[in-house]
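Chemist: Coordinates in data30.pdb, PDB, C-alpha atoms and all ligand atoms, are listed below.
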MODEL        1
ATOM      1  CA  MET A  21     -21.372  18.494  33.828
ATOM      2  CA  ASN A  22     -20.831  14.745  33.397
ATOM      3  CA  ALA A  23     -20.803  12.205  36.256
ATOM      4  CA  VAL A  24     -17.032  12.496  36.730
ATOM      5  CA  ASP A  25     -17.274  16.283  37.104
ATOM      6  CA  LEU A  26     -20.195  15.915  39.506
ATOM      7  CA  GLY A  27     -18.027  13.500  41.501
ATOM      8  CA  LEU A  28     -15.178  16.018  41.598
ATOM      9  CA  LEU A  29     -17.595  18.681  42.837
ATOM     10  CA  ALA A  30     -18.939  16.326  45.531
ATOM     11  CA  ALA A  31     -15.367  15.560  46.610
ATOM     12  CA  ASP A  32     -14.332  19.231  46.754
ATOM     13  CA  ILE A  33     -17.346  20.225  48.806
ATOM     14  CA  ALA A  34     -17.050  17.186  51.112
ATOM     15  CA  ARG A  35     -13.396  18.057  51.785
ATOM     16  CA  GLU A  36     -14.225  21.692  52.600
ATOM     17  CA  ALA A  37     -17.216  20.662  54.740
ATOM     18  CA  GLY A  38     -15.034  18.112  56.551
ATOM     19  CA  GLU A  39     -12.498  20.822  57.391
ATOM     20  CA  LEU A  40     -15.252  23.016  58.819
ATOM     21  CA  ALA A  41     -16.673  20.129  60.889
ATOM     22  CA  ALA A  42     -13.208  19.312  62.294
ATOM     23  CA  ARG A  43     -12.514  22.983  63.085
ATOM     24  CA  ARG A  44     -15.806  23.351  64.942
ATOM     25  CA  ARG A  45     -15.137  20.083  66.768
ATOM     26  CA  SER A  46     -11.791  21.385  68.022
ATOM     27  CA  GLU A  47     -13.545  24.536  69.305
ATOM     28  CA  GLY A  48     -16.046  22.439  71.303
ATOM     29  CA  VAL A  49     -19.480  21.134  70.399
ATOM     30  CA  ALA A  50     -22.720  22.979  71.140
ATOM     31  CA  LEU A  51     -25.870  20.895  71.175
ATOM     32  CA  ALA A  52     -28.600  22.609  69.152
ATOM     33  CA  ALA A  53     -31.595  20.321  69.710
ATOM     34  CA  THR A  54     -32.864  16.786  70.080
ATOM     35  CA  LYS A  55     -34.876  15.265  67.220
ATOM     36  CA  SER A  56     -36.858  12.000  67.071
ATOM     37  CA  THR A  57     -35.770  10.819  70.554
ATOM     38  CA  LEU A  58     -33.572  12.192  73.376
ATOM     39  CA  ALA A  59     -30.599  10.298  71.953
ATOM     40  CA  ASP A  60     -31.111  11.752  68.468
ATOM     41  CA  ILE A  61     -29.204  15.022  68.601
ATOM     42  CA  VAL A  62     -28.219  17.811  66.261
ATOM     43  CA  THR A  63     -25.300  20.138  66.946
ATOM     44  CA  GLU A  64     -24.749  23.712  65.783
ATOM     45  CA  ALA A  65     -22.017  22.278  63.553
ATOM     46  CA  ASP A  66     -24.447  19.914  61.742
ATOM     47  CA  ARG A  67     -26.495  22.955  60.747
ATOM     48  CA  GLU A  68     -23.529  25.129  59.825
ATOM     49  CA  VAL A  69     -21.893  22.392  57.732
ATOM     50  CA  GLU A  70     -25.137  21.667  55.885
ATOM     51  CA  GLN A  71     -25.526  25.386  55.223
ATOM     52  CA  LEU A  72     -22.044  25.528  53.702
ATOM     53  CA  ILE A  73     -22.744  22.515  51.472
ATOM     54  CA  ARG A  74     -26.061  23.966  50.399
ATOM     55  CA  GLU A  75     -24.540  27.343  49.535
ATOM     56  CA  ARG A  76     -21.719  25.777  47.513
ATOM     57  CA  LEU A  77     -24.210  23.643  45.583
ATOM     58  CA  ARG A  78     -26.576  26.549  45.020
ATOM     59  CA  ALA A  79     -23.700  28.550  43.511
ATOM     60  CA  GLU A  80     -22.460  25.708  41.256
ATOM     61  CA  ARG A  81     -25.668  23.790  40.501
ATOM     62  CA  PRO A  82     -28.650  26.142  40.964
ATOM     63  CA  ASP A  83     -31.093  23.874  39.106
ATOM     64  CA  ASP A  84     -30.430  20.706  41.109
ATOM     65  CA  GLY A  85     -32.618  19.501  43.954
ATOM     66  CA  PHE A  86     -31.401  19.062  47.533
ATOM     67  CA  LEU A  87     -32.251  16.573  50.286
ATOM     68  CA  GLY A  88     -30.381  17.226  53.512
ATOM     69  CA  GLU A  89     -30.647  15.759  56.998
ATOM     70  CA  GLU A  90     -30.973  19.130  58.716
ATOM     71  CA  THR A  91     -32.693  21.434  56.236
ATOM     72  CA  GLY A  92     -34.922  19.025  54.347
ATOM     73  CA  ALA A  93     -35.885  18.782  50.696
ATOM     74  CA  GLU A  94     -35.936  21.318  47.891
ATOM     75  CA  GLN A  95     -37.017  20.226  44.432
ATOM     76  CA  GLY A  96     -34.890  21.135  41.431
ATOM     77  CA  SER A  97     -35.545  21.230  37.707
ATOM     78  CA  SER A  98     -32.440  19.422  36.359
ATOM     79  CA  GLY A  99     -33.491  15.874  37.346
ATOM     80  CA  LEU A 100     -30.544  15.602  39.776
ATOM     81  CA  THR A 101     -30.742  15.784  43.572
ATOM     82  CA  TRP A 102     -27.938  16.124  46.124
ATOM     83  CA  VAL A 103     -28.500  13.863  49.125
ATOM     84  CA  VAL A 104     -26.477  15.169  52.054
ATOM     85  CA  ASP A 105     -25.649  14.195  55.617
ATOM     86  CA  PRO A 106     -23.486  17.073  56.897
ATOM     87  CA  ILE A 107     -22.245  15.068  59.878
ATOM     88  CA  ASP A 108     -23.061  11.361  59.866
ATOM     89  CA  GLY A 109     -22.231   9.999  63.313
ATOM     90  CA  THR A 110     -23.354  13.080  65.222
ATOM     91  CA  VAL A 111     -23.293  11.264  68.562
ATOM     92  CA  ASN A 112     -19.648  10.267  67.968
ATOM     93  CA  TYR A 113     -18.937  13.878  66.992
ATOM     94  CA  ALA A 114     -20.532  15.185  70.179
ATOM     95  CA  TYR A 115     -18.575  12.697  72.330
ATOM     96  CA  GLY A 116     -15.225  13.492  70.679
ATOM     97  CA  LEU A 117     -14.957  10.180  68.810
ATOM     98  CA  GLY A 118     -13.403  10.375  65.357
ATOM     99  CA  ALA A 119     -15.949   8.177  63.544
ATOM    100  CA  TYR A 120     -17.965  10.940  61.919
ATOM    101  CA  ALA A 121     -18.185  11.837  58.242
ATOM    102  CA  VAL A 122     -19.547  14.284  55.709
ATOM    103  CA  SER A 123     -21.616  12.310  53.194
ATOM    104  CA  ILE A 124     -22.600  13.819  49.833
ATOM    105  CA  ALA A 125     -24.250  11.977  46.935
ATOM    106  CA  VAL A 126     -25.844  13.148  43.717
ATOM    107  CA  VAL A 127     -28.645  10.994  42.316
ATOM    108  CA  GLY A 128     -30.897  11.104  39.261
ATOM    109  CA  GLY A 129     -34.682  10.701  39.191
ATOM    110  CA  GLU A 130     -36.928  10.522  42.219
ATOM    111  CA  PRO A 131     -34.828  11.000  45.390
ATOM    112  CA  VAL A 132     -35.996   7.723  46.985
ATOM    113  CA  PRO A 133     -33.372   4.980  47.537
ATOM    114  CA  GLU A 134     -35.190   2.224  45.538
ATOM    115  CA  ARG A 135     -35.907   4.528  42.615
ATOM    116  CA  TRP A 136     -33.001   6.909  42.262
ATOM    117  CA  ASP A 137     -30.109   6.368  39.850
ATOM    118  CA  ASP A 138     -26.725   6.607  41.536
ATOM    119  CA  VAL A 139     -24.479   9.196  39.878
ATOM    120  CA  ALA A 140     -21.555  10.154  42.120
ATOM    121  CA  ALA A 141     -20.637  10.354  45.798
ATOM    122  CA  ALA A 142     -18.040  11.457  48.326
ATOM    123  CA  VAL A 143     -17.541  10.591  52.003
ATOM    124  CA  CYS A 144     -14.991  12.638  53.935
ATOM    125  CA  VAL A 145     -13.748  11.314  57.293
ATOM    126  CA  PRO A 146     -11.913  14.367  58.658
ATOM    127  CA  ALA A 147     -10.437  12.742  61.779
ATOM    128  CA  ALA A 148      -8.718  10.126  59.586
ATOM    129  CA  GLY A 149      -7.884  12.570  56.785
ATOM    130  CA  GLU A 150      -9.617  10.213  54.324
ATOM    131  CA  LEU A 151     -11.781  10.964  51.302
ATOM    132  CA  PHE A 152     -13.798   8.136  49.703
ATOM    133  CA  THR A 153     -15.247   8.839  46.252
ATOM    134  CA  ALA A 154     -17.295   6.967  43.669
ATOM    135  CA  VAL A 155     -18.673   7.653  40.223
ATOM    136  CA  ARG A 156     -21.190   5.286  38.689
ATOM    137  CA  GLY A 157     -19.425   3.087  36.147
ATOM    138  CA  ASP A 158     -16.021   4.480  37.070
ATOM    139  CA  GLY A 159     -15.284   2.703  40.364
ATOM    140  CA  ALA A 160     -14.816   3.668  44.003
ATOM    141  CA  ARG A 161     -11.620   5.187  45.354
ATOM    142  CA  LEU A 162      -9.941   6.127  48.618
ATOM    143  CA  ASP A 163      -7.757   9.180  48.117
ATOM    144  CA  GLY A 164      -7.584   8.256  44.441
ATOM    145  CA  ILE A 165      -6.757   4.548  44.893
ATOM    146  CA  ARG A 166      -9.259   1.995  43.511
ATOM    147  CA  LEU A 167     -11.276   0.046  46.110
ATOM    148  CA  ARG A 168     -12.532  -3.534  46.086
ATOM    149  CA  VAL A 169     -14.882  -5.276  48.546
ATOM    150  CA  SER A 170     -13.537  -8.287  50.448
ATOM    151  CA  ASP A 171     -14.758 -11.861  50.529
ATOM    152  CA  GLU A 172     -15.521 -13.765  53.680
ATOM    153  CA  THR A 173     -12.526 -15.729  55.022
ATOM    154  CA  PRO A 174     -12.671 -19.242  56.553
ATOM    155  CA  ALA A 175     -12.686 -17.470  59.935
ATOM    156  CA  GLY A 176     -16.012 -15.832  59.013
ATOM    157  CA  ALA A 177     -16.961 -12.289  58.022
ATOM    158  CA  LEU A 178     -16.050  -9.126  59.894
ATOM    159  CA  LEU A 179     -19.460  -7.479  60.152
ATOM    160  CA  ALA A 180     -20.725  -4.110  61.331
ATOM    161  CA  THR A 181     -24.145  -2.857  62.310
ATOM    162  CA  GLY A 182     -25.812   0.073  63.991
ATOM    163  CA  PHE A 183     -28.807   0.633  66.250
ATOM    164  CA  GLY A 184     -31.335   3.404  65.860
ATOM    165  CA  TYR A 185     -31.924   6.101  68.453
ATOM    166  CA  ASP A 186     -35.276   4.680  69.567
ATOM    167  CA  PRO A 187     -34.841   2.349  72.574
ATOM    168  CA  ALA A 188     -38.064   0.536  71.551
ATOM    169  CA  THR A 189     -36.258  -0.912  68.521
ATOM    170  CA  HIS A 190     -33.195  -2.273  70.330
ATOM    171  CA  ASP A 191     -34.607  -5.723  71.159
ATOM    172  CA  GLY A 192     -35.465  -6.382  67.519
ATOM    173  CA  ASP A 193     -32.048  -5.193  66.353
ATOM    174  CA  LEU A 194     -30.327  -7.423  68.907
ATOM    175  CA  ALA A 195     -32.374 -10.394  67.691
ATOM    176  CA  THR A 196     -31.058  -9.694  64.176
ATOM    177  CA  VAL A 197     -27.506  -9.612  65.520
ATOM    178  CA  ARG A 198     -28.069 -13.007  67.113
ATOM    179  CA  ARG A 199     -29.184 -14.415  63.741
ATOM    180  CA  VAL A 200     -26.156 -13.220  61.769
ATOM    181  CA  MET A 201     -23.466 -14.043  64.322
ATOM    182  CA  SER A 202     -23.216 -17.574  62.929
ATOM    183  CA  MET A 203     -21.343 -16.156  59.913
ATOM    184  CA  ALA A 204     -19.316 -13.542  61.802
ATOM    185  CA  ARG A 205     -15.714 -13.627  62.872
ATOM    186  CA  ASP A 206     -16.599 -10.528  64.922
ATOM    187  CA  LEU A 207     -18.961  -7.554  64.965
ATOM    188  CA  ARG A 208     -18.132  -3.826  64.923
ATOM    189  CA  ARG A 209     -20.448  -0.924  65.785
ATOM    190  CA  MET A 210     -18.859   2.251  64.442
ATOM    191  CA  GLY A 211     -21.767   4.695  64.852
ATOM    192  CA  ALA A 212     -21.730   6.247  61.375
ATOM    193  CA  ALA A 213     -23.385   4.429  58.499
ATOM    194  CA  ALA A 214     -21.442   6.364  55.851
ATOM    195  CA  ILE A 215     -18.190   5.119  57.399
ATOM    196  CA  ASP A 216     -19.477   1.540  57.732
ATOM    197  CA  LEU A 217     -20.354   1.524  54.030
ATOM    198  CA  SER A 218     -17.084   3.189  52.999
ATOM    199  CA  TYR A 219     -15.220   0.526  54.965
ATOM    200  CA  VAL A 220     -17.173  -2.263  53.243
ATOM    201  CA  ALA A 221     -16.145  -0.714  49.908
ATOM    202  CA  ALA A 222     -12.521  -0.630  51.084
ATOM    203  CA  GLY A 223     -12.554  -4.248  52.312
ATOM    204  CA  ARG A 224     -11.990  -3.099  55.903
ATOM    205  CA  LEU A 225     -15.309  -4.732  56.774
ATOM    206  CA  ASP A 226     -16.775  -7.758  54.979
ATOM    207  CA  GLY A 227     -20.417  -6.862  55.528
ATOM    208  CA  TYR A 228     -22.795  -4.391  57.121
ATOM    209  CA  PHE A 229     -26.489  -4.336  57.985
ATOM    210  CA  GLU A 230     -28.697  -1.797  59.752
ATOM    211  CA  ARG A 231     -32.391  -1.033  60.046
ATOM    212  CA  GLY A 232     -33.937   2.411  59.885
ATOM    213  CA  LEU A 233     -31.316   4.399  57.983
ATOM    214  CA  ASN A 234     -32.389   7.599  56.285
ATOM    215  CA  PRO A 235     -31.639   8.266  52.601
ATOM    216  CA  TRP A 236     -28.815  10.682  53.517
ATOM    217  CA  ASP A 237     -27.125   8.063  55.749
ATOM    218  CA  LEU A 238     -26.772   5.582  52.895
ATOM    219  CA  ALA A 239     -26.805   7.444  49.559
ATOM    220  CA  ALA A 240     -23.060   7.979  49.170
ATOM    221  CA  GLY A 241     -21.971   4.783  50.935
ATOM    222  CA  ALA A 242     -24.224   2.479  48.907
ATOM    223  CA  LEU A 243     -22.712   3.772  45.643
ATOM    224  CA  LEU A 244     -19.216   3.272  47.078
ATOM    225  CA  VAL A 245     -20.059  -0.373  47.855
ATOM    226  CA  ARG A 246     -21.568  -0.998  44.409
ATOM    227  CA  GLU A 247     -18.659   0.609  42.599
ATOM    228  CA  ALA A 248     -16.230  -1.477  44.650
ATOM    229  CA  GLY A 249     -17.882  -4.644  43.321
ATOM    230  CA  GLY A 250     -20.311  -5.210  46.177
ATOM    231  CA  VAL A 251     -24.061  -5.264  46.609
ATOM    232  CA  ALA A 252     -26.121  -2.862  48.725
ATOM    233  CA  SER A 253     -29.820  -3.686  48.948
ATOM    234  CA  ARG A 254     -32.760  -2.770  51.137
ATOM    235  CA  LEU A 255     -35.171  -5.239  52.710
ATOM    236  CA  ASP A 256     -38.752  -4.145  53.442
ATOM    237  CA  PRO A 257     -38.361  -0.775  51.679
ATOM    238  CA  ASP A 258     -41.927   0.235  52.548
ATOM    239  CA  ALA A 259     -41.639  -0.606  56.230
ATOM    240  CA  ALA A 260     -41.007   2.072  58.857
ATOM    241  CA  ARG A 261     -37.432   0.801  59.272
ATOM    242  CA  PRO A 262     -36.103  -0.769  56.070
ATOM    243  CA  MET A 263     -32.966  -2.889  56.484
ATOM    244  CA  LEU A 264     -29.851  -2.023  54.483
ATOM    245  CA  ILE A 265     -27.547  -4.962  53.727
ATOM    246  CA  ALA A 266     -24.137  -4.475  52.099
ATOM    247  CA  GLY A 267     -21.107  -6.575  51.256
ATOM    248  CA  ALA A 268     -19.374  -8.550  48.553
ATOM    249  CA  PRO A 269     -22.062 -10.491  46.613
ATOM    250  CA  ALA A 270     -21.599 -13.755  48.547
ATOM    251  CA  VAL A 271     -21.455 -12.025  51.941
ATOM    252  CA  HIS A 272     -24.490  -9.898  51.072
ATOM    253  CA  ASP A 273     -26.512 -12.957  50.022
ATOM    254  CA  ARG A 274     -25.618 -14.921  53.139
ATOM    255  CA  LEU A 275     -26.429 -11.969  55.384
ATOM    256  CA  ARG A 276     -29.744 -11.450  53.625
ATOM    257  CA  ALA A 277     -30.651 -15.125  53.938
ATOM    258  CA  LEU A 278     -29.831 -15.203  57.668
ATOM    259  CA  ILE A 279     -31.712 -11.963  58.328
ATOM    260  CA  THR A 280     -34.817 -13.135  56.466
ATOM    261  CA  GLY A 281     -34.602 -16.575  58.059
ATOM    262  CA  THR A 282     -34.079 -18.422  54.758
ATOM    263  CA  GLY A 283     -30.390 -19.142  55.355
ATOM    264  CA  THR A 284     -28.851 -21.940  57.336
ATOM    265  CA  PRO A 285     -26.304 -21.064  60.007
ATOM    266  CA  ARG A 286     -22.872 -22.565  59.441
TER     267      ARG A 286
HETATM  268  C1  LIG B   1     -26.665   7.917  62.375
HETATM  269  C2  LIG B   1     -26.070   6.727  61.617
HETATM  270  C3  LIG B   1     -25.731   5.652  62.622
HETATM  271  C4  LIG B   1     -27.046   5.076  62.994
HETATM  272  C5  LIG B   1     -27.940   6.127  63.612
HETATM  273  C6  LIG B   1     -28.012   7.405  62.780
HETATM  274  P1  LIG B   1     -26.620  10.614  62.175
HETATM  275  O1  LIG B   1     -26.769   9.090  61.575
HETATM  276  O2  LIG B   1     -25.130   6.938  60.738
HETATM  277  O3  LIG B   1     -24.922   4.621  62.103
HETATM  278  O4  LIG B   1     -26.875   3.956  63.819
HETATM  279  O5  LIG B   1     -29.219   5.592  63.735
HETATM  280  O6  LIG B   1     -28.850   7.286  61.675
HETATM  281  O7  LIG B   1     -27.904  10.893  62.890
HETATM  282  O8  LIG B   1     -25.465  10.637  63.084
HETATM  283  O9  LIG B   1     -26.417  11.452  60.979
ENDMDL
END
The structure given in the file should be rewritten as structure tokens.
Modeler:
Amino acid sequence: MNAVDLGLLAADIAREAGELAARRRSEGVALAATKSTLADIVTEADREVEQLIRERLRAERPDDGFLGEETGAEQGSSGLTWVVDPIDGTVNYAYGLGAYAVSIAVVGGEPVPERWDDVAAAVCVPAAGELFTAVRGDGARLDGIRLRVSDETPAGALLATGFGYDPATHDGDLATVRRVMSMARDLRRMGAAAIDLSYVAAGRLDGYFERGLNPWDLAAGALLVREAGGVASRLDPDAARPMLIAGAPAVHDRLRALITGTGTPR
């Protein structure tokens, strides 16, 4: 299978998984457990959707590896790994907010964000009926239409961020927000990194930054941004909470400079 075919497979499975997530949502959400902190939850649907994705991939691509938010890692022998967040934005999902997504990426090499090679990705946002897709070297698309990142306007950049589930990290994250507001026209906090990144790719947001994302939160979205002409990079990759920064090249560079303290506020 070439990258385009892998992208089609990712898209098909993301669409089917999105339908299952939406169906379960309409039936009511059952909390399954809490994870790293009380605010970090997993629902029965997260597990069921990941199971469906895993089964579909096992049937189609038995030699590939798998790295999923809920069921963990399984090494493959093909050199490819599927990096999956069955429901990104679980808290939104549990509260009945529509900003949740199924995020599926396939990467080559070691399944670590700095070292993997992007191959293909799909992000399905069931509540909006939208499917974002990207294939390395072949662009990013929303329901088949080519995407392009947006440049900052004279009014400043429309930025988004997120905060982790650990209350101990909130002060630091708010200090970062304070630093970047000098370039912002406004700030959004959607609650699902895969959607934030898809929106950067689509030019619905000019830039996005967040500390502490997991590989499955960013794998598909980062490829979407890159294939839409943007940059997605990680600061402090070896720290406990690396910072992801994404946007059109100029927006990305300005964000990075303000976050690292090397940029001058406007
Ligand atoms: C969530 C992210 C969200 C972020 C949370 C968490 P989950 O993923 O997408 O934007 O702020 O820390 O990582 O847990 O809903 O899949």
Chemist: Would you write out, as a PyMOL selection string, every residue that the PyMOL selection byres (((chain A and resi 161) around 10) and not hetatm) captures in this file?
Modeler: chain A and resi 142+151-155+158-160+162-168+218+221-222+244+247-248
Chemist: Given all atoms listed in the file as the basis, pick out the residue of A:Pro235, A:Gly223, A:Pro174, A:Gly96 nearest to ligand LIG 1 (chain B).
Modeler: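 Ranked by minimum distance to ligand LIG 1 (chain B), first place goes to A:Pro235.
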Chemist: Find the distance between CA of Ala93 in chain A and CA of Gln71 in chain A and write it in Å to one decimal.
Modeler: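 The value is 13.1 Å.
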Chemist: Written as JSON, numbers by chain, which residues does the PyMOL selection byres (((chain A and resi 149) around 10) and not hetatm) give for the file shown?
Modeler: {"A": [35, 38, 39, 144, 145, 146, 147, 148, 150, 151, 163]}
Chemist: For ligand LIG 1 (chain B), collect every residue having any atom at a distance of at most 6 Å from a ligand atom (counting only C-alpha atoms and all ligand atoms); output as number ranges by chain.
Modeler: A: 107-111, 182-185, 211-213, 233, 237
Chemist: What separation in Å, quoted to one decimal, exists between CA of Pro257 in chain A and CA of Asn234 in chain A?
Modeler: 11.3 Å
Chemist: I need the residue nearest Tyr219 in chain A from this list: A:Gly116, A:Gly48, A:Gly250, A:Gly232. Use all atoms listed in the file for the distance.
Modeler: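 Nearest to Tyr219 in chain A: A:Gly250.
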